[in-house]
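Participant: Okay, here's the structure, questions in a sec.
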Amino acid sequence: MKTCNKCGAQSYRVESQFCQKCGERLPEVDNNLPKQNICTNENCEWHKSKFIYPDDARFCDVCGSPTVYAVS
């Protein structure tokens, strides 16, 4: 499964190259690596503290920025 770095949407098709929700090019990553849902705003206190959001969170509840899955 691939996860979009821009919006966090997941693609279940191996051959997908673009996100179905936002059109961003999907990353070519090892899907077996652990991923963490984090705030995208580098100035946010939750981003700086590396706070991990639940899988279904789409926005930071502190600054309102989108969250994305990042390889840990």
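Labeling convention for the structure tokens: chains A, B, ... as they appear, residues from 1 per chain, ligands from 1 in order of appearance.
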Could you give me, as an NGL selection string, the residues within 6 Å of stretch 8-21 of chain A, counting only C-alpha atoms and dropping anything in the same chain fewer than 5 positions from it?
Facilitator: :A and (1-3 or 26 or 68-69)
Participant: Write down as an MDAnalysis selection string the residues of stretch 5-65 of chain A whose backbone DSSP state falls under helix (DSSP H, G or I).
Facilitator: chainID A and resid 45:48
Participant: Store the residues of this selection in a file with C-alpha atoms, as a compact mmCIF listing (two decimals), in the first residue's frame.
Facilitator:
```txt
# COMPACT_ATOMS: atom_id res chain seq x y z
CA GLU A 45 4.90 22.46 18.64
CA TRP A 46 3.45 19.01 17.83
CA HIS A 47 5.65 18.70 14.73
CA LYS A 48 8.73 19.69 16.76
```
Participant: So what do you get for atom CA of A:Ser65 versus atom CA of A:Glu24, distance-wise?
Facilitator: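 It comes out at 17.3 Å.
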Participant: I'd like the neighbourhood of A:Gln36 as a PyMOL selection string, where a residue qualifies if any of its atoms comes within 12 Å (using only C-alpha atoms), though same-chain residues fewer than 5 positions away should be ignored.
Facilitator: chain A and resi 3+5+8+47+50-57+67-72
Participant: Taking C-alpha atoms for each residue, export the selection above as a PDB file, in the first residue's frame.
Facilitator:
```pdb
ATOM      1  CA  THR A   3       0.464   6.580   1.210  1.00  0.00           C
ATOM      2  CA  ASN A   5       2.869  12.417   1.234  1.00  0.00           C
ATOM      3  CA  GLY A   8      -2.211  11.032   3.571  1.00  0.00           C
ATOM      4  CA  HIS A  47       5.648  18.704  14.732  1.00  0.00           C
ATOM      5  CA  LYS A  50       7.259  14.486  16.898  1.00  0.00           C
ATOM      6  CA  PHE A  51       3.734  13.892  18.227  1.00  0.00           C
ATOM      7  CA  ILE A  52       2.130  10.903  16.466  1.00  0.00           C
ATOM      8  CA  TYR A  53      -1.515  11.308  15.477  1.00  0.00           C
ATOM      9  CA  PRO A  54      -3.963   8.399  15.190  1.00  0.00           C
ATOM     10  CA  ASP A  55      -4.225   6.845  11.728  1.00  0.00           C
ATOM     11  CA  ASP A  56      -7.547   8.540  10.958  1.00  0.00           C
ATOM     12  CA  ALA A  57      -6.405  12.098  11.856  1.00  0.00           C
ATOM     13  CA  THR A  67      -1.045  15.535   8.761  1.00  0.00           C
ATOM     14  CA  VAL A  68       0.908  13.083   6.605  1.00  0.00           C
ATOM     15  CA  TYR A  69       2.388   9.659   7.018  1.00  0.00           C
ATOM     16  CA  ALA A  70       6.153   9.720   7.318  1.00  0.00           C
ATOM     17  CA  VAL A  71       8.514   6.756   7.462  1.00  0.00           C
ATOM     18  CA  SER A  72       9.867   6.520  10.973  1.00  0.00           C
TER      19      SER A  72
END
```
Participant: Please indicate the distance in Å from atom CA of A:Arg58 to atom CA of A:Asn43, rounded to one decimal place.
Facilitator: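 Between atom CA of A:Arg58 and atom CA of A:Asn43 the gap is 17.7 Å.
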Participant: Quick check, in Å to one decimal: how far apart do atom CA of A:Arg25 and atom CA of A:Cys44 lie?
Facilitator: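 Spanning atom CA of A:Arg25 to atom CA of A:Cys44 is a straight-line distance of 25.5 Å.
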Participant: Could you tell me which of A:Cys4, A:Pro27, A:Ser49, A:Thr40 comes closest to A:Pro66 if we count only C-alpha atoms?
Facilitator: A:Thr40
Participant: Please identify all polymer residues within 9 Å of A:Gly64, counting only C-alpha atoms, omitting same-chain residues fewer than 5 positions from it, and present them as a PyMOL selection string.
Facilitator: chain A and resi 39+41+59
